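Right, one structure below, let's go through it.
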Amino acid sequence: MPVRARVLASFEPLRVLSGVGSFLPRDLQGIRQAVDRLGVTEWAVMVENLALPTEAESELTAAGVRCVRIGDALVVLATNLDDPPWTPRVPDVYTALKKALSAHNAPALNLVWGGRVLPLSQRAHIMGIVNVTPDSFSDGGRFFDAAAAVEHGLALVEEGADLLDVGGESTRPGADPVDARDEAARVVPVIEALAAKTGVPISVDTTKASVAAAALDAGASIVNDVSAGRADPEMFSLVADRRVPIVLMHMLGDPRTMQRDPTYRDVVGEVYGFLADRADAAVAAGVDPARILIDPGFGFGKTREHNLVLLRRLREFRCLGYPVLAGTSRKSFIGQTLDVGVDERTEGTAATVAMAVVAGAAVIRVHDVLPMRRVAGMVEAILRASAGEAGRRET
């Protein structure tokens with residue numbers, strides 16, 4: 001198994017991190033305490049390695065590198081990775097550290113396929129949801145009729161959707177599977193009509209290769225697979241042959257079972273490792289790494305607390321080197337947090353969208369495109385604000 005790393009905290013001196021104390025996630029408190037015991041003030045907490053060989057700790061220590069063992073994880077402290085003296089001793093660890101830090105700090109890569117470019121490096125892109133199902137948790141089948149679904153999709157584009165995600169099988173907790181022929185019959189006419197009337201990329205939300213193939217033939221150009229290729233062994237080969245992007249999502253179990261007491265020892269680490277493994281499997285099957293997006297799967301086999309922790313630490317997933325998609329819209333953890341129903345989750349969704357944009361999510365999947373596009377635009381304006389511009393008067 002290759003050595004993997006992820007950035008656990010911003011690459012800042014510990015004297016800065018010390019000022020945020022209680023705001024660190026609980027599972028990072030032990031790391032901070034251990035680092036404090038070392039008396040290190042000029043170094044930085046950089047990465048936790050998820051598959052680090054046991055002997056690597058002694059190798060790093062022998063090379064003069066500060067390390068902190070926290071349970072099964074090893075946290076490496078360093079000030080400079082440009083030309084460290086320990087590189088020859090543990091080159092695989094060094095490579096993992098460099099990759100993780102570079103991906104953590106860099107803008108998302110542009111998505112390129114079939115002569116088309118989605119400029120993810122410029123800003124977060126809004127994916128509008130079109131549910132062609134009779135039992136969606138969010139809209140209760142309002143757009144099950146193909147004509148209504150098409151009209152809704154076009155309205156989302158008018159509101160500013162950069163992409164549309166069309167699905168014909170509900171993935172709400174407890175949902176029953178849909179036959180592939182029935183699913184294709186739902187989505188293909190909608191995708192054909194939308195592709196003929198709008199120029200935005202269309203994603204098909206399916207776990208079945210046959211449905212994905214029919215949707216691609218109808219004009220879709222992205223596959224959004226909530227099973228990350230586990231439900232159908234033909235999915236990766238289809239995506240590789242068609243040379244289209246694929247979204248790989250984490251889900252514990254399946255829609256029927258995923259919310260039956262979901263349990264993790266380390267939700268971020270386990271979801272991260274799952275997505276890393278599924279991305280590796282996709283690449284091994286011939287999928288171009290430049291056409292992979294990852295999604296931690298908010299609401300798919302997670303408790304309220306799991307979802308909140310994943311959102312708070314979403315930026316860590318950038319360390320895998322793939323664009324991150326965040327789909328928090330109207331999810332139950334928002335309702336549980338605010339004690340509101342599905343129709344009253346706009347403000348809560350807006351807060352999660354803002355957090356996802358700050359964390360560097362490349363694609364935001366939402367039901368309410370116009371308000372969420374405005375939220376994302378405002379957050380990005382704040383992030384781009386320059387101190388040098390602050391002294392100028394507005395005209």
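For the structure tokens, the naming scheme is as follows: chains receive sequential letters (A, B, ...) according to their order of presentation, residues are indexed from 1 within each chain, and ligands are indexed from 1 in presentation order.
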
If you take only C-alpha atoms and a cut-off of 12 Å, which residues of region 149-235 of chain A touch region 283-293 of chain A, and what are their nearest atom pairs and distances in Å to one decimal, in chain and number order, as JSON lines?
```
{"residue": "A:Ser221", "atom": "CA", "partner": "A:Arg291", "partner_atom": "CA", "distance": 11.2}
{"residue": "A:Ile222", "atom": "CA", "partner": "A:Arg291", "partner_atom": "CA", "distance": 9.2}
{"residue": "A:Val223", "atom": "CA", "partner": "A:Ile292", "partner_atom": "CA", "distance": 9.9}
{"residue": "A:Asn224", "atom": "CA", "partner": "A:Leu293", "partner_atom": "CA", "distance": 9.1}
{"residue": "A:Asp225", "atom": "CA", "partner": "A:Leu293", "partner_atom": "CA", "distance": 10.4}
{"residue": "A:Val226", "atom": "CA", "partner": "A:Leu293", "partner_atom": "CA", "distance": 11.7}
{"residue": "A:Ala228", "atom": "CA", "partner": "A:Leu293", "partner_atom": "CA", "distance": 10.3}
{"residue": "A:Gly229", "atom": "CA", "partner": "A:Ala285", "partner_atom": "CA", "distance": 10.6}
{"residue": "A:Pro233", "atom": "CA", "partner": "A:Ala285", "partner_atom": "CA", "distance": 10.0}
{"residue": "A:Glu234", "atom": "CA", "partner": "A:Ala285", "partner_atom": "CA", "distance": 9.8}
{"residue": "A:Met235", "atom": "CA", "partner": "A:Ala285", "partner_atom": "CA", "distance": 9.6}
```

I'd like a table as JSON lines: residues in region 82-175 of chain A with an atom no more than 9 Å from region 311-319 of chain A, each row giving the shortest atom pair and its distance in Å to one decimal, only C-alpha atoms counted, sorted by chain and rising residue number.
```
{"residue": "A:Lys99", "atom": "CA", "partner": "A:Cys319", "partner_atom": "CA", "distance": 7.2}
{"residue": "A:Ala100", "atom": "CA", "partner": "A:Cys319", "partner_atom": "CA", "distance": 4.4}
{"residue": "A:Leu101", "atom": "CA", "partner": "A:Cys319", "partner_atom": "CA", "distance": 6.7}
{"residue": "A:Ser102", "atom": "CA", "partner": "A:Cys319", "partner_atom": "CA", "distance": 7.6}
{"residue": "A:Ala103", "atom": "CA", "partner": "A:Cys319", "partner_atom": "CA", "distance": 4.9}
{"residue": "A:His104", "atom": "CA", "partner": "A:Cys319", "partner_atom": "CA", "distance": 4.8}
{"residue": "A:Asn105", "atom": "CA", "partner": "A:Arg318", "partner_atom": "CA", "distance": 8.3}
{"residue": "A:Ala106", "atom": "CA", "partner": "A:Arg318", "partner_atom": "CA", "distance": 8.7}
{"residue": "A:Ala108", "atom": "CA", "partner": "A:Arg318", "partner_atom": "CA", "distance": 8.1}
```

DSSP helix (DSSP H, G or I) selection over region 92-162 of chain A, as a PDB file with C-alpha atoms, in the first residue's frame:
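File part-v4.pdb, as written:
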```pdb
ATOM      1  CA  ASP A  92       8.340   7.638   0.081  1.00  0.00           C
ATOM      2  CA  VAL A  93       7.331   9.606   3.181  1.00  0.00           C
ATOM      3  CA  TYR A  94       8.876  12.774   1.779  1.00  0.00           C
ATOM      4  CA  THR A  95       6.978  12.345  -1.495  1.00  0.00           C
ATOM      5  CA  ALA A  96       3.712  11.817   0.379  1.00  0.00           C
ATOM      6  CA  LEU A  97       4.293  14.921   2.489  1.00  0.00           C
ATOM      7  CA  LYS A  98       5.049  17.086  -0.523  1.00  0.00           C
ATOM      8  CA  LYS A  99       2.024  15.820  -2.435  1.00  0.00           C
ATOM      9  CA  ALA A 100      -0.323  16.370   0.484  1.00  0.00           C
ATOM     10  CA  LEU A 101       0.859  19.894   1.227  1.00  0.00           C
ATOM     11  CA  SER A 102       0.875  20.910  -2.441  1.00  0.00           C
ATOM     12  CA  ALA A 103      -2.662  19.636  -3.050  1.00  0.00           C
ATOM     13  CA  HIS A 104      -3.914  21.111   0.240  1.00  0.00           C
ATOM     14  CA  ASN A 105      -2.755  24.600  -0.714  1.00  0.00           C
ATOM     15  CA  ALA A 146     -40.191  14.507 -17.510  1.00  0.00           C
ATOM     16  CA  ALA A 147     -41.569  17.833 -18.718  1.00  0.00           C
ATOM     17  CA  ALA A 148     -41.550  19.224 -15.179  1.00  0.00           C
ATOM     18  CA  ALA A 149     -37.996  17.975 -14.672  1.00  0.00           C
ATOM     19  CA  VAL A 150     -36.800  19.628 -17.873  1.00  0.00           C
ATOM     20  CA  GLU A 151     -38.493  22.893 -16.957  1.00  0.00           C
ATOM     21  CA  HIS A 152     -36.894  22.739 -13.511  1.00  0.00           C
ATOM     22  CA  GLY A 153     -33.444  22.048 -14.952  1.00  0.00           C
ATOM     23  CA  LEU A 154     -33.702  24.993 -17.330  1.00  0.00           C
ATOM     24  CA  ALA A 155     -34.810  27.216 -14.460  1.00  0.00           C
ATOM     25  CA  LEU A 156     -31.750  26.172 -12.458  1.00  0.00           C
ATOM     26  CA  VAL A 157     -29.513  27.121 -15.374  1.00  0.00           C
ATOM     27  CA  GLU A 158     -31.219  30.520 -15.535  1.00  0.00           C
TER      28      GLU A 158
END
```

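Shortest separation to Arg260 (chain A) among A:Thr206, A:Thr171, A:Ser227, A:Thr303 occurs at residue A:Thr303, atoms counted being only C-alpha atoms.
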